[in-house]
Structure formats: structure tokens, C-alpha cells
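my_file.cif, holding mmCIF, C-alpha atoms and all ligand atoms:
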```cif
data_target
loop_
_atom_site.label_atom_id
_atom_site.label_comp_id
_atom_site.auth_asym_id
_atom_site.auth_seq_id
_atom_site.Cartn_x
_atom_site.Cartn_y
_atom_site.Cartn_z
CA MET A 9 -31.97 4.22 36.48
CA GLU A 10 -28.85 2.73 38.10
CA ILE A 11 -27.43 4.23 41.30
CA ILE A 12 -24.23 3.22 43.05
CA PHE A 13 -23.69 3.83 46.76
CA TYR A 14 -20.50 3.95 48.80
CA HIS A 15 -20.02 4.98 52.43
CA PRO A 16 -17.29 3.58 54.70
CA THR A 17 -19.56 3.24 57.75
CA PHE A 18 -23.25 3.59 56.81
CA ASP A 19 -25.57 0.57 56.67
CA ALA A 20 -25.69 0.12 52.87
CA ALA A 21 -28.65 -2.30 52.95
CA TRP A 22 -30.80 0.24 54.81
CA TRP A 23 -29.84 3.06 52.43
CA ILE A 24 -30.49 0.94 49.35
CA ALA A 25 -33.96 -0.03 50.53
CA ALA A 26 -34.82 3.56 51.49
CA LEU A 27 -33.52 5.00 48.21
CA GLU A 28 -35.45 2.47 46.13
CA LYS A 29 -38.58 3.39 48.06
CA GLN A 30 -37.92 7.12 47.47
CA LEU A 31 -37.19 6.62 43.76
CA PRO A 32 -39.52 3.89 42.48
CA GLY A 33 -37.97 2.20 39.43
CA ALA A 34 -34.38 3.00 40.43
CA ARG A 35 -31.96 0.13 41.01
CA VAL A 36 -29.48 0.93 43.76
CA ARG A 37 -26.42 -1.16 44.54
CA GLU A 38 -23.54 -0.91 46.96
CA TRP A 39 -20.36 -0.25 44.99
CA LYS A 40 -17.58 -2.73 45.64
CA SER A 41 -14.05 -2.76 44.23
CA GLY A 42 -14.05 -4.22 40.72
CA ASP A 43 -17.62 -3.07 39.92
CA ASN A 44 -17.35 -1.37 36.51
CA GLU A 45 -20.98 -1.82 35.51
CA SER A 46 -22.72 1.31 34.30
CA ALA A 47 -24.45 3.78 36.62
CA ASP A 48 -26.34 7.05 36.27
CA TYR A 49 -25.78 8.51 39.73
CA ALA A 50 -23.30 7.93 42.54
CA LEU A 51 -23.86 8.62 46.25
CA VAL A 52 -20.56 8.76 48.07
CA TRP A 53 -18.53 9.67 51.15
CA HIS A 54 -14.72 9.40 50.94
CA PRO A 55 -15.05 7.43 47.69
CA PRO A 56 -12.16 5.38 46.28
CA VAL A 57 -10.89 6.95 43.02
CA GLU A 58 -11.63 3.68 41.25
CA MET A 59 -15.33 4.00 42.02
CA LEU A 60 -15.87 7.21 40.07
CA GLN A 61 -13.19 7.49 37.41
CA GLY A 62 -14.11 6.71 33.84
CA ARG A 63 -17.84 6.68 34.55
CA ASP A 64 -20.35 8.60 32.50
CA LEU A 65 -22.43 9.75 35.46
CA LYS A 66 -25.27 12.28 35.40
CA ALA A 67 -24.32 13.53 38.89
CA VAL A 68 -22.50 12.66 42.08
CA PHE A 69 -23.99 13.30 45.53
CA ALA A 70 -21.76 13.76 48.58
CA LEU A 71 -23.42 12.26 51.66
CA GLY A 72 -22.43 15.21 53.83
CA ALA A 73 -22.29 19.02 53.75
CA GLY A 74 -18.55 19.45 53.21
CA VAL A 75 -17.01 18.31 49.94
CA ASP A 76 -13.39 18.98 50.91
CA SER A 77 -12.42 15.31 50.98
CA ILE A 78 -13.74 14.80 47.44
CA LEU A 79 -12.23 18.01 46.07
CA SER A 80 -8.83 17.31 47.62
CA LYS A 81 -8.82 13.84 46.06
CA LEU A 82 -9.71 15.46 42.74
CA LYS A 83 -6.57 17.59 42.89
CA ALA A 84 -4.43 14.47 42.78
CA HIS A 85 -6.82 12.57 40.47
CA PRO A 86 -8.60 15.06 38.20
CA GLU A 87 -9.78 12.17 36.03
CA MET A 88 -11.93 10.94 38.95
CA LEU A 89 -14.71 13.42 38.18
CA PRO A 90 -14.66 15.53 34.99
CA GLN A 91 -15.98 19.10 35.29
CA SER A 92 -18.96 18.13 33.15
CA ILE A 93 -20.34 15.89 35.92
CA PRO A 94 -22.11 17.99 38.57
CA LEU A 95 -21.27 17.41 42.21
CA PHE A 96 -24.02 17.97 44.80
CA ARG A 97 -23.79 18.15 48.58
CA LEU A 98 -26.30 17.97 51.40
CA GLU A 99 -27.84 21.33 52.14
CA ASP A 100 -29.10 21.29 55.71
CA THR A 101 -31.17 18.06 55.58
CA GLY A 102 -31.43 18.18 59.37
CA MET A 103 -27.91 19.48 60.05
CA GLY A 104 -29.07 23.07 60.60
CA LEU A 105 -31.10 22.11 63.67
CA GLN A 106 -28.20 20.08 65.09
CA MET A 107 -25.83 23.02 64.63
CA GLN A 108 -28.35 25.29 66.33
CA GLU A 109 -28.61 22.93 69.31
CA TYR A 110 -24.83 22.71 69.62
CA ALA A 111 -24.15 26.43 69.27
CA VAL A 112 -26.99 27.64 71.51
CA SER A 113 -26.18 25.18 74.30
CA GLN A 114 -22.48 26.08 74.28
CA VAL A 115 -22.99 29.84 74.06
CA LEU A 116 -25.45 29.69 76.97
CA HIS A 117 -22.96 27.54 78.90
CA TRP A 118 -20.32 30.27 78.58
CA PHE A 119 -22.79 33.15 78.99
CA ARG A 120 -24.17 31.73 82.27
CA ARG A 121 -20.55 31.09 83.41
CA PHE A 122 -21.05 27.37 83.93
CA ASP A 123 -17.34 26.93 83.08
CA ASP A 124 -16.41 29.17 86.03
CA TYR A 125 -18.94 27.52 88.34
CA GLN A 126 -17.50 24.11 87.47
CA VAL A 127 -14.06 25.32 88.63
CA LEU A 128 -15.58 26.74 91.85
CA LYS A 129 -17.33 23.43 92.47
CA GLN A 130 -14.01 21.59 92.18
CA GLU A 131 -12.65 23.97 94.82
CA THR A 132 -15.80 23.42 96.99
CA ARG A 133 -16.47 27.15 96.87
CA TRP A 134 -20.01 28.56 97.08
CA GLN A 135 -19.65 31.87 95.33
CA PRO A 136 -22.12 33.72 93.07
CA LEU A 137 -20.29 35.52 90.24
CA ASP A 138 -21.11 38.72 88.36
CA GLU A 139 -23.44 38.13 85.45
CA TYR A 140 -22.39 38.78 81.86
CA SER A 141 -24.58 41.06 79.78
CA ARG A 142 -25.69 40.23 76.27
CA GLU A 143 -24.17 43.53 75.07
CA GLU A 144 -20.71 42.22 75.96
CA PHE A 145 -21.42 38.85 74.34
CA THR A 146 -21.34 39.56 70.61
CA ILE A 147 -21.43 36.39 68.53
CA GLY A 148 -19.31 36.42 65.36
CA ILE A 149 -20.04 33.65 62.88
CA MET A 150 -17.47 32.94 60.18
CA GLY A 151 -19.39 31.45 57.26
CA ALA A 152 -22.91 32.66 56.57
CA GLY A 153 -24.10 29.79 54.40
CA VAL A 154 -26.75 27.17 54.98
CA LEU A 155 -25.53 26.26 58.49
CA GLY A 156 -24.12 29.65 59.54
CA SER A 157 -27.46 31.29 58.76
CA LYS A 158 -29.33 28.75 60.91
CA VAL A 159 -26.96 29.30 63.83
CA ALA A 160 -27.29 33.09 63.46
CA GLU A 161 -31.09 32.79 63.52
CA SER A 162 -31.11 30.73 66.73
CA LEU A 163 -28.67 32.97 68.63
CA LEU A 164 -30.60 36.07 67.56
CA ALA A 165 -33.70 34.47 69.03
CA TRP A 166 -31.81 34.20 72.35
CA GLY A 167 -31.17 37.94 72.21
CA PHE A 168 -27.44 37.97 71.45
CA PRO A 169 -25.90 40.56 69.11
CA VAL A 170 -24.95 38.58 65.99
CA ARG A 171 -22.52 39.39 63.20
CA VAL A 172 -21.42 37.23 60.28
CA TRP A 173 -18.41 37.15 57.99
CA SER A 174 -18.64 35.67 54.50
CA ARG A 175 -17.32 36.14 50.99
CA SER A 176 -20.33 38.13 49.82
CA PRO A 177 -22.30 40.57 52.01
CA LYS A 178 -25.65 39.51 53.51
CA ASN A 179 -28.67 41.67 54.07
CA TRP A 180 -30.30 39.95 57.03
CA PRO A 181 -32.48 41.71 59.58
CA ASN A 182 -30.66 42.48 62.87
CA VAL A 183 -27.39 40.85 61.75
CA LYS A 184 -24.24 42.86 60.99
CA SER A 185 -22.62 41.54 57.85
CA PHE A 186 -18.93 41.75 57.00
CA ALA A 187 -17.46 40.43 53.77
CA GLY A 188 -14.05 39.56 52.42
CA SER A 189 -10.58 39.91 53.87
CA ASP A 190 -10.86 43.73 53.98
CA GLU A 191 -13.64 43.52 56.59
CA LEU A 192 -12.31 40.63 58.67
CA SER A 193 -10.55 42.80 61.26
CA GLU A 194 -13.64 44.93 61.80
CA PHE A 195 -15.74 41.76 62.18
CA LEU A 196 -13.33 40.38 64.81
CA ARG A 197 -12.91 43.57 66.83
CA GLU A 198 -16.19 43.24 68.76
CA THR A 199 -16.55 39.49 68.60
CA ARG A 200 -16.64 37.73 71.98
CA VAL A 201 -17.72 34.27 70.79
CA LEU A 202 -16.23 33.20 67.47
CA ILE A 203 -18.13 30.41 65.75
CA ASN A 204 -16.54 28.80 62.73
CA LEU A 205 -18.80 27.47 59.97
CA LEU A 206 -16.57 28.01 56.94
CA PRO A 207 -15.92 25.39 54.28
CA ASN A 208 -12.41 23.97 53.95
CA THR A 209 -10.86 25.70 50.93
CA ALA A 210 -7.44 26.99 49.94
CA GLU A 211 -8.43 30.43 51.33
CA THR A 212 -9.71 29.20 54.69
CA VAL A 213 -7.08 26.64 55.76
CA GLY A 214 -5.31 27.89 58.90
CA ILE A 215 -7.43 31.04 59.00
CA ILE A 216 -7.93 30.86 62.79
CA ASN A 217 -4.34 31.57 63.72
CA HIS A 218 -2.39 33.84 66.07
CA SER A 219 -2.96 37.00 64.07
CA LEU A 220 -6.72 36.40 63.86
CA LEU A 221 -7.15 35.39 67.51
CA GLU A 222 -5.22 38.47 68.67
CA GLN A 223 -7.91 40.67 67.10
CA LEU A 224 -10.74 39.24 69.23
CA GLN A 225 -11.92 40.78 72.49
CA ASP A 226 -9.90 39.65 75.52
CA HIS A 227 -11.37 36.53 77.25
CA SER A 228 -13.18 35.42 74.12
CA TYR A 229 -14.43 31.96 73.25
CA LEU A 230 -13.95 29.80 70.17
CA LEU A 231 -16.46 27.28 68.88
CA ASN A 232 -15.14 25.29 65.93
CA LEU A 233 -17.91 23.42 64.16
CA ALA A 234 -16.47 23.27 60.65
CA ARG A 235 -13.09 21.65 60.00
CA GLY A 236 -9.97 21.13 62.13
CA VAL A 237 -7.65 22.49 59.44
CA HIS A 238 -9.17 25.93 59.91
CA VAL A 239 -7.50 26.27 63.32
CA ASN A 240 -3.79 26.44 64.05
CA GLU A 241 -3.87 24.33 67.21
CA ASP A 242 -0.56 25.68 68.59
CA ASP A 243 -1.85 29.24 68.20
CA LEU A 244 -5.09 28.24 69.90
CA LEU A 245 -3.20 26.88 72.92
CA ARG A 246 -1.13 30.06 73.03
CA ALA A 247 -4.27 32.22 73.01
CA LEU A 248 -5.69 30.17 75.89
CA GLU A 249 -2.50 30.74 77.85
CA ASN A 250 -2.18 34.47 77.18
CA GLY A 251 -5.80 35.23 78.14
CA LYS A 252 -7.04 36.14 74.69
CA LEU A 253 -9.27 33.06 74.80
CA LYS A 254 -11.12 32.03 77.93
CA GLY A 255 -12.34 28.76 76.48
CA ALA A 256 -12.70 26.67 73.36
CA MET A 257 -15.18 24.04 72.31
CA LEU A 258 -13.96 21.94 69.41
CA ASP A 259 -15.85 19.37 67.35
CA VAL A 260 -13.23 18.99 64.64
CA PHE A 261 -9.44 18.62 64.63
CA SER A 262 -6.55 18.78 62.23
CA ARG A 263 -6.12 15.03 62.78
CA GLU A 264 -9.10 12.82 63.54
CA PRO A 265 -9.32 10.89 65.75
CA LEU A 266 -7.35 13.42 67.80
CA PRO A 267 -4.05 11.71 68.75
CA VAL A 268 -3.82 10.88 72.48
CA GLU A 269 -0.64 12.95 72.80
CA SER A 270 -2.44 16.17 71.78
CA PRO A 271 -2.39 18.68 74.67
CA LEU A 272 -5.95 19.62 73.73
CA TRP A 273 -7.21 16.46 75.47
CA ARG A 274 -5.84 17.62 78.79
CA HIS A 275 -6.36 21.39 78.61
CA PRO A 276 -8.83 22.40 81.37
CA ARG A 277 -10.45 25.10 79.25
CA VAL A 278 -10.88 23.04 76.09
CA ALA A 279 -14.02 20.98 75.68
CA MET A 280 -14.49 18.66 72.75
CA THR A 281 -16.74 16.28 70.87
CA PRO A 282 -15.68 13.73 68.20
CA HIS A 283 -16.94 15.38 64.98
CA ILE A 284 -20.63 14.94 65.73
CA ALA A 285 -21.83 18.55 65.65
CA ALA A 286 -24.19 17.73 62.78
CA VAL A 287 -24.42 14.24 61.39
CA THR A 288 -26.12 13.12 58.19
CA ARG A 289 -29.76 12.34 58.89
CA PRO A 290 -30.45 9.42 56.51
CA GLN A 291 -34.14 9.97 55.77
CA GLU A 292 -33.78 13.73 55.27
CA ALA A 293 -30.75 13.14 53.02
CA ILE A 294 -32.62 10.56 50.94
CA THR A 295 -35.63 12.83 50.55
CA TYR A 296 -33.36 15.63 49.28
CA ILE A 297 -31.38 13.32 46.96
CA GLY A 298 -34.56 11.75 45.60
CA LYS A 299 -36.11 15.17 44.94
CA THR A 300 -32.94 16.40 43.28
CA ILE A 301 -32.53 13.35 41.03
CA THR A 302 -36.19 13.66 39.98
CA GLY A 303 -35.60 17.34 39.24
CA LEU A 304 -32.49 16.60 37.17
CA GLU A 305 -34.33 13.88 35.22
CA ASN A 306 -37.14 16.35 34.45
CA GLY A 307 -34.76 19.18 33.52
CA GLU A 308 -35.92 21.32 36.46
CA ALA A 309 -33.83 23.79 38.51
CA VAL A 310 -32.28 22.12 41.56
CA THR A 311 -30.12 23.37 44.43
CA GLY A 312 -27.06 22.06 46.24
CA GLN A 313 -24.57 21.96 43.37
CA VAL A 314 -20.99 22.61 44.42
CA ASP A 315 -19.11 25.37 42.61
CA ARG A 316 -15.80 23.62 42.10
CA SER A 317 -13.99 26.83 41.21
CA ARG A 318 -14.86 28.28 44.66
CA GLY A 319 -14.25 24.96 46.41
CA TYR A 320 -17.61 24.79 48.19
N1 LIG A 401 -18.70 19.37 62.38
C1 LIG A 401 -19.68 18.82 61.68
O1 LIG A 401 -20.31 17.86 62.13
C2 LIG A 401 -20.05 19.40 60.37
C3 LIG A 401 -19.26 20.35 59.77
N2 LIG A 401 -19.67 20.94 58.59
C4 LIG A 401 -18.82 21.97 57.99
O2 LIG A 401 -19.57 23.18 57.88
C5 LIG A 401 -19.20 23.83 56.68
C6 LIG A 401 -20.24 24.85 56.28
O3 LIG A 401 -21.40 24.22 55.78
P1 LIG A 401 -22.54 25.04 55.01
O4 LIG A 401 -23.05 26.14 55.84
O5 LIG A 401 -23.51 24.04 54.51
O6 LIG A 401 -21.68 25.65 53.82
P2 LIG A 401 -22.11 26.79 52.77
O7 LIG A 401 -21.37 26.49 51.52
O8 LIG A 401 -23.60 26.89 52.70
O9 LIG A 401 -21.57 28.14 53.43
C7 LIG A 401 -20.25 28.51 53.40
C8 LIG A 401 -20.11 29.94 53.89
O10 LIG A 401 -18.73 30.25 54.00
C9 LIG A 401 -18.47 31.47 53.31
N3 LIG A 401 -17.10 31.45 52.76
C10 LIG A 401 -16.53 30.55 51.94
N4 LIG A 401 -15.26 30.89 51.65
C11 LIG A 401 -15.03 32.06 52.30
C12 LIG A 401 -13.92 32.93 52.38
N5 LIG A 401 -12.77 32.68 51.71
N6 LIG A 401 -14.03 34.05 53.12
C13 LIG A 401 -15.19 34.33 53.77
N7 LIG A 401 -16.29 33.54 53.73
C14 LIG A 401 -16.20 32.42 53.01
C15 LIG A 401 -19.49 31.52 52.21
O11 LIG A 401 -19.62 32.85 51.75
P3 LIG A 401 -20.74 33.27 50.66
O12 LIG A 401 -22.05 33.18 51.39
O13 LIG A 401 -20.40 34.64 50.30
O14 LIG A 401 -20.62 32.27 49.55
C16 LIG A 401 -20.72 30.96 52.92
O15 LIG A 401 -21.36 31.97 53.64
C17 LIG A 401 -19.02 22.65 55.71
O16 LIG A 401 -18.21 23.00 54.61
C18 LIG A 401 -18.36 21.60 56.59
O17 LIG A 401 -16.97 21.71 56.50
C19 LIG A 401 -20.84 20.61 57.99
C20 LIG A 401 -21.65 19.66 58.55
C21 LIG A 401 -21.32 18.96 59.76
O1 LIG A 402 -18.62 17.03 58.63
C1 LIG A 402 -19.61 16.60 58.12
C2 LIG A 402 -20.16 17.07 56.88
O2 LIG A 402 -21.30 16.71 56.56
O3 LIG A 402 -19.47 17.84 56.18
#
```
Represent the structure contained in this file as C-alpha cells.
Ligand SMILES: NC(=O)C1=CN([C@@H]2O[C@H](COP(=O)(O)OP(=O)(O)OC[C@H]3O[C@@H](n4cnc5c(N)ncnc54)[C@H](OP(=O)(O)O)[C@@H]3O)[C@@H](O)[C@H]2O)C=CC1
Ligand SMILES: O=CC(=O)O
Amino acid sequence: MEIIFYHPTFDAAWWIAALEKQLPGARVREWKSGDNESADYALVWHPPVEMLQGRDLKAVFALGAGVDSILSKLKAHPEMLPQSIPLFRLEDTGMGLQMQEYAVSQVLHWFRRFDDYQVLKQETRWQPLDEYSREEFTIGIMGAGVLGSKVAESLLAWGFPVRVWSRSPKNWPNVKSFAGSDELSEFLRETRVLINLLPNTAETVGIINHSLLEQLQDHSYLLNLARGVHVNEDDLLRALENGKLKGAMLDVFSREPLPVESPLWRHPRVAMTPHIAAVTRPQEAITYIGKTITGLENGEAVTGQVDRSRGY
């Protein structure tokens, strides 16, 4: 079995050795421009069109959870990956726990008013503030998939009221489920902390805009863990100014790296990280890919295939 590997920043030598250990008998090579030799599987992140097009692959594996960069390239170059070749993505493989850590720590930061205490500290003021109650701290998670469900589980364990919004309804204990555009307003109405874990698709681009933010509770918070294109950044700044949003924590941006001239860098109530909310954990990813390739070779049912018609 021949496997080609391409990632713009990962240590290819390490991945090749680990994959060959996971799949004894497989020959793995780093793909380089001009390599047209045959291959059965491709493992990729932001792949050049030339790497994939014209190949008779059994499957392609994205080395991350989101496949938006591959699908958007496919729009311009449909020949890159015919429909007959299945595309897989990483399902959790250690990202769920990272998202839980990120979301729980930030929600607790807001809930315990550490943002307000930081301001008081800068003013050298010793002043206990009123506590927030969990009842007024409803968490609304947009996207109830692999990662959204993990985040919901962890915030429930901390005693917060949790609601989710997705395409199809969920029947999860103690979680209010809302589905589709008809139920979005109802989902937003009681949401105090909005957490975004949607995929980037034609339906979700720009979804967190003025009209959506206006439907949240006053003095709400936004935690964007999914993609920058989901948020209209001008509308976000406006919501911070008009009091609709008290704070925002952003891991992803419409342009990355975020340009130095962006006002988000300097806004006192915006915190940010450089797209590290959940990174690919190499060994977990290799275990999943190895198991899935073995399953495909044996004709068994596998999970993680992207539905290209839905875009995720
Ligand atoms: N910042 C970071 O470091 C990282 C960011 N991500 C981002 O997180 C995203 C989510 O990952 P993951 O949980 O694995 O994805 P999933 O595909 O498992 O879940 C997607 C969820 O979004 C819902 N959804 C999709 N389209 C719509 C829509 N139009 N309206 C309402 N709901 C919709 C789906 O609904 P349904 O359940 O009905 O299908 C599903 O619940 C990734 O696509 C990626 O962009 C991922 C990893 C790291
Ligand atoms: O943003 C990262 C991913 O895995 O998707």
C-alpha cells in the first residue's frame, strides 16, 4: 500500500515513521511537486491541486477537523478530487478535550467576573462585585457535532444551563436542542454565552452578524472556536460598543494571521489566541487514520467521511 503525505508545517519524517509503524507493510512518502507516482491514500492539509488531481486514490484524509480549505479549492478545481473518492476528516482525535479545556476555562473566567476584576485591578480598586448566578448564564452552542457535543458535556458538568443549535434536532439529556433557521431566534433569546462550533459552509459564512447578535441577552459573551468567516468583525465591534456584548474571546479570524491594523488587537474587551483552540494530536490522528484505512481495506463500516453535498 502506497500513502502520500503533505502538510505545510508538520514534521513529515516523524509522521512517516509513525504511520509505517501503525500500518505495517504500508510505504509512506512525503509528496513533493512533480511526484506523479501511484498512491492508494493521501493524507493532506492545504494540499496543492497538483498533488491530488488525476490520481486514482482509495481515499483522502484531511489532517484536521474542518475540510473547508479542501472543499473551497474543489470549487475552483473540481478535477482535484472526483466525487467517487471519499474524503475523511479527523473526528475528535484529542480535539474534543482541548475544546472542553478552552471553553470551560473561558466561561468560568467570565462567570467569576475575572474580566471585571482585571479592570478594577488596573484602577487599584479593592471592590467585591455581585456574583452571577448560573441561571442567568445560559450557554448556547452553535454546532452540536463531535466538538460541540464535547463542549456541551463539559459545561453541563459545571452546572450551566446548556442549549445547542444544529441542522438536525438532538435528544440529549439536560440539553435544550434547537434546529434549523426557524428555531435560531428562540435559541438566541436566552443565550448569555454564545459558543461557535459550526463548520464553514455556504450557509454558515457570516452567520454571526448584527441581526444575530442583537437577539442575544444584553451583556452577552461570544466565544468563537470554529472559523473566522463565521463572524462579521465590524458587527462584533459594534455589539461590543452598544453593550449587547460584554466580551469576546476569539481563536479564529477572517484573515489569519490577524493583520496588525485590525482594531480587535487593541479592543480592551476582546481576548484572542492564534487558532490553537484544538490542534491535531499526531498520535491520536495516526491511530484513527490507521484504523480507518484498515477498515476500508477490509470492507468494514468506518466513520469520519465528509458529506460533500452538506459541506462538512
Ligand atoms: N479553532 C480550532 O482550533 C478548531 C476549529 N475547528 C472547527 O470546528 C468545526 C466543528 O467541528 P466538528 O464538531 O468536528 O464538526 P461536526 O461536523 O461534527 O459538527 C458540525 C455541527 O454543525 C451543525 N451544522 C452544520 N451546518 C449547519 C447549519 N447550516 N445550521 C445549523 N447547524 C449546522 C451540524 O448539524 P447536524 O448535527 O444536524 O449535522 C453539526 O451539529 C470544524 O468544522 C472546524 O471549522 C475544528 C478543530 C479545531
Ligand atoms: O482548525 C483546525 C481544524 O482541525 O479544523
If you take all atoms listed in the file and a cut-off of 7 Å, which residues of chain A touch ligand LIG 401 (chain A), and what are their nearest atom pairs and distances in Å to one decimal, in chain and number order, as a Markdown table?
```
| residue | atom | partner | partner_atom | distance |
| --- | --- | --- | --- | --- |
| A:Gly72 | CA | A:LIG401 | C20 | 6.5 |
| A:Ala73 | CA | A:LIG401 | C19 | 4.8 |
| A:Gly74 | CA | A:LIG401 | O16 | 3.8 |
| A:Val75 | CA | A:LIG401 | O16 | 6.7 |
| A:Glu99 | CA | A:LIG401 | O5 | 5.6 |
| A:Asp100 | CA | A:LIG401 | O5 | 6.3 |
| A:Met103 | CA | A:LIG401 | C20 | 6.4 |
| A:Met150 | CA | A:LIG401 | N7 | 6.6 |
| A:Gly151 | CA | A:LIG401 | O10 | 3.5 |
| A:Ala152 | CA | A:LIG401 | O15 | 3.4 |
| A:Gly153 | CA | A:LIG401 | O9 | 3.2 |
| A:Val154 | CA | A:LIG401 | O8 | 3.9 |
| A:Leu155 | CA | A:LIG401 | O4 | 3.6 |
| A:Gly156 | CA | A:LIG401 | O4 | 5.2 |
| A:Trp173 | CA | A:LIG401 | N7 | 6.0 |
| A:Ser174 | CA | A:LIG401 | N7 | 3.3 |
| A:Arg175 | CA | A:LIG401 | O13 | 3.5 |
| A:Ser176 | CA | A:LIG401 | O13 | 3.5 |
| A:Pro177 | CA | A:LIG401 | O13 | 6.5 |
| A:Ala187 | CA | A:LIG401 | C13 | 6.5 |
| A:Gly188 | CA | A:LIG401 | C13 | 5.5 |
| A:Ser189 | CA | A:LIG401 | N6 | 6.8 |
| A:Leu205 | CA | A:LIG401 | C6 | 4.7 |
| A:Leu206 | CA | A:LIG401 | O10 | 4.3 |
| A:Pro207 | CA | A:LIG401 | O16 | 3.3 |
| A:Asn208 | CA | A:LIG401 | O17 | 5.7 |
| A:Thr209 | CA | A:LIG401 | N4 | 6.8 |
| A:Glu211 | CA | A:LIG401 | N5 | 4.9 |
| A:Thr212 | CA | A:LIG401 | N5 | 5.5 |
| A:Leu233 | CA | A:LIG401 | N1 | 4.5 |
| A:Ala234 | CA | A:LIG401 | C4 | 3.8 |
| A:Arg235 | CA | A:LIG401 | O17 | 5.2 |
| A:Asp259 | CA | A:LIG401 | N1 | 5.7 |
| A:Val260 | CA | A:LIG401 | N1 | 5.9 |
| A:His283 | CA | A:LIG401 | O1 | 5.1 |
| A:Ile284 | CA | A:LIG401 | O1 | 4.6 |
| A:Ala285 | CA | A:LIG401 | O1 | 3.9 |
| A:Ala286 | CA | A:LIG401 | O1 | 3.9 |
| A:Val287 | CA | A:LIG401 | O1 | 5.5 |
| A:Tyr320 | CA | A:LIG401 | O7 | 5.3 |
```
Subject >> Nearby residues (all atoms listed in the file) at most 9 Å from stretch 133-142 of chain A, same-chain spacing under 5 positions excluded, as an MDAnalysis selection string >> reply: chainID A and resid 119:121 124:125 127:128 167:169
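Closest approach to ligand LIG 402 (chain A) from the set A:Phe261, A:Phe186, A:Phe195, A:Trp39 is made by A:Phe261, with distances taken over all atoms listed in the file.
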Original post:
With distances taken over all atoms listed in the file, which of A:Thr295, A:Ile78, A:Leu95, A:Gln30 is nearest to A:Gln313?
Top reply: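 Looking at the shortest contact to A:Gln313, the residue is A:Leu95.
Going from atom CA of A:Ser262 over to atom CA of A:Glu87, you cover 27.2 Å.
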Original post:
Which distance in Å separates atom CA of A:Met88 and atom CA of A:Gly62, to one decimal?
Top reply: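 Pair atom CA of A:Met88 / atom CA of A:Gly62 returns 7.0 Å.
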Subject >> atom CA of A:Glu28 to atom CA of A:Asp76, distance in Å rounded to a single decimal >> reply: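 The value is 28.0 Å.
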**OP:** Name the residues in contact with A:Glu109 at a cut-off of 9 Å, using all atoms listed in the file, excluding same-chain residues fewer than 5 positions from it; report them as a PyMOL selection string.
**Re:** chain A and resi 104+114+159+162+285
Subject >> Residue nearest A:Leu164 among A:Pro265, A:Ile149, A:Leu192, A:Thr300 (counting all atoms listed in the file) >> reply: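 Under the stated criterion, the closest residue is A:Ile149.
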Subject >> Near-A:Glu144 list (9 Å; only C-alpha atoms; drop same-chain fewer than 6 positions) as number ranges by chain >> reply: A: 169, 198-200
Using the file's own x, y and z axes, what box holds all listed atoms of stretch 163-173 of chain A with 8 Å on each side, keeping edges along x, y and z, and what are its centre and edge lengths in Å to one decimal, as AutoDock Vina command-line options?
```
--center_x -26.1 --center_y 36.8 --center_z 65.2 --size_x 31.3 --size_y 23.6 --size_z 30.4
```
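The nearest approach to A:Leu163 among the residues A:Leu116, A:Leu231, A:Thr132, A:His218, with all atoms listed in the file taken into account, belongs to A:Leu116.
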**OP:** Compile the contact shell of stretch 42-56 of chain A as JSON, numbers by chain: residues with an atom at most 12 Å away, counting all atoms listed in the file, same-chain residues fewer than 6 positions apart removed.
**Re:** {"A": [9, 10, 11, 12, 13, 14, 15, 16, 17, 18, 20, 23, 24, 27, 34, 35, 36, 62, 63, 64, 65, 66, 67, 68, 69, 70, 71, 72, 73, 74, 75, 76, 77, 78, 79, 80, 81, 82, 85, 88, 89, 93, 94, 95, 96, 97, 98, 288, 293, 294, 297, 298, 300, 301, 302, 304, 305]}
**OP:** Point out the residue among A:Ala210, A:Pro32, A:Glu222, A:Ser113 with the least atom-to-atom distance to A:Lys83, counting only C-alpha atoms.
**Re:** A:Ala210
Original post:
Pick from A:Arg289, A:His117, A:Arg318, A:Lys299: nearest to ligand LIG 402 (chain A), with all atoms listed in the file counted?
Top reply: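 For ligand LIG 402 (chain A), the nearest of the given residues is A:Arg289.
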Subject >> Within-7 Å shell of (-10.7, 39.5, 71.1) in input frame, all atoms listed in the file, as a PyMOL selection string >> reply: chain A and resi 196-197+199-200+221-228+252
Contacts between stretch 238-244 of chain A and stretch 256-280 of chain A, please, where a residue of stretch 256-280 of chain A counts if it comes within 12 Å (with all atoms listed in the file); show its shortest atom pair and distance in Å to one decimal, rows by chain and ascending number, as JSON lines.
```
{"residue": "A:Ala256", "atom": "CA", "partner": "A:Leu244", "partner_atom": "CA", "distance": 8.5}
{"residue": "A:Met257", "atom": "CA", "partner": "A:Leu244", "partner_atom": "CA", "distance": 11.2}
{"residue": "A:Leu258", "atom": "CA", "partner": "A:Val239", "partner_atom": "CA", "distance": 9.9}
{"residue": "A:Asp259", "atom": "CA", "partner": "A:Val239", "partner_atom": "CA", "distance": 11.6}
{"residue": "A:Val260", "atom": "CA", "partner": "A:His238", "partner_atom": "CA", "distance": 9.3}
{"residue": "A:Phe261", "atom": "CA", "partner": "A:Val239", "partner_atom": "CA", "distance": 8.0}
{"residue": "A:Ser262", "atom": "CA", "partner": "A:Val239", "partner_atom": "CA", "distance": 7.6}
{"residue": "A:Arg263", "atom": "CA", "partner": "A:Glu241", "partner_atom": "CA", "distance": 10.5}
{"residue": "A:Leu266", "atom": "CA", "partner": "A:Glu241", "partner_atom": "CA", "distance": 11.5}
{"residue": "A:Ser270", "atom": "CA", "partner": "A:Glu241", "partner_atom": "CA", "distance": 9.5}
{"residue": "A:Pro271", "atom": "CA", "partner": "A:Asp242", "partner_atom": "CA", "distance": 9.5}
{"residue": "A:Leu272", "atom": "CA", "partner": "A:Glu241", "partner_atom": "CA", "distance": 8.3}
{"residue": "A:Trp273", "atom": "CA", "partner": "A:Glu241", "partner_atom": "CA", "distance": 11.9}
{"residue": "A:His275", "atom": "CA", "partner": "A:Leu244", "partner_atom": "CA", "distance": 11.2}
{"residue": "A:Arg277", "atom": "CA", "partner": "A:Leu244", "partner_atom": "CA", "distance": 11.2}
{"residue": "A:Val278", "atom": "CA", "partner": "A:Leu244", "partner_atom": "CA", "distance": 9.9}
```
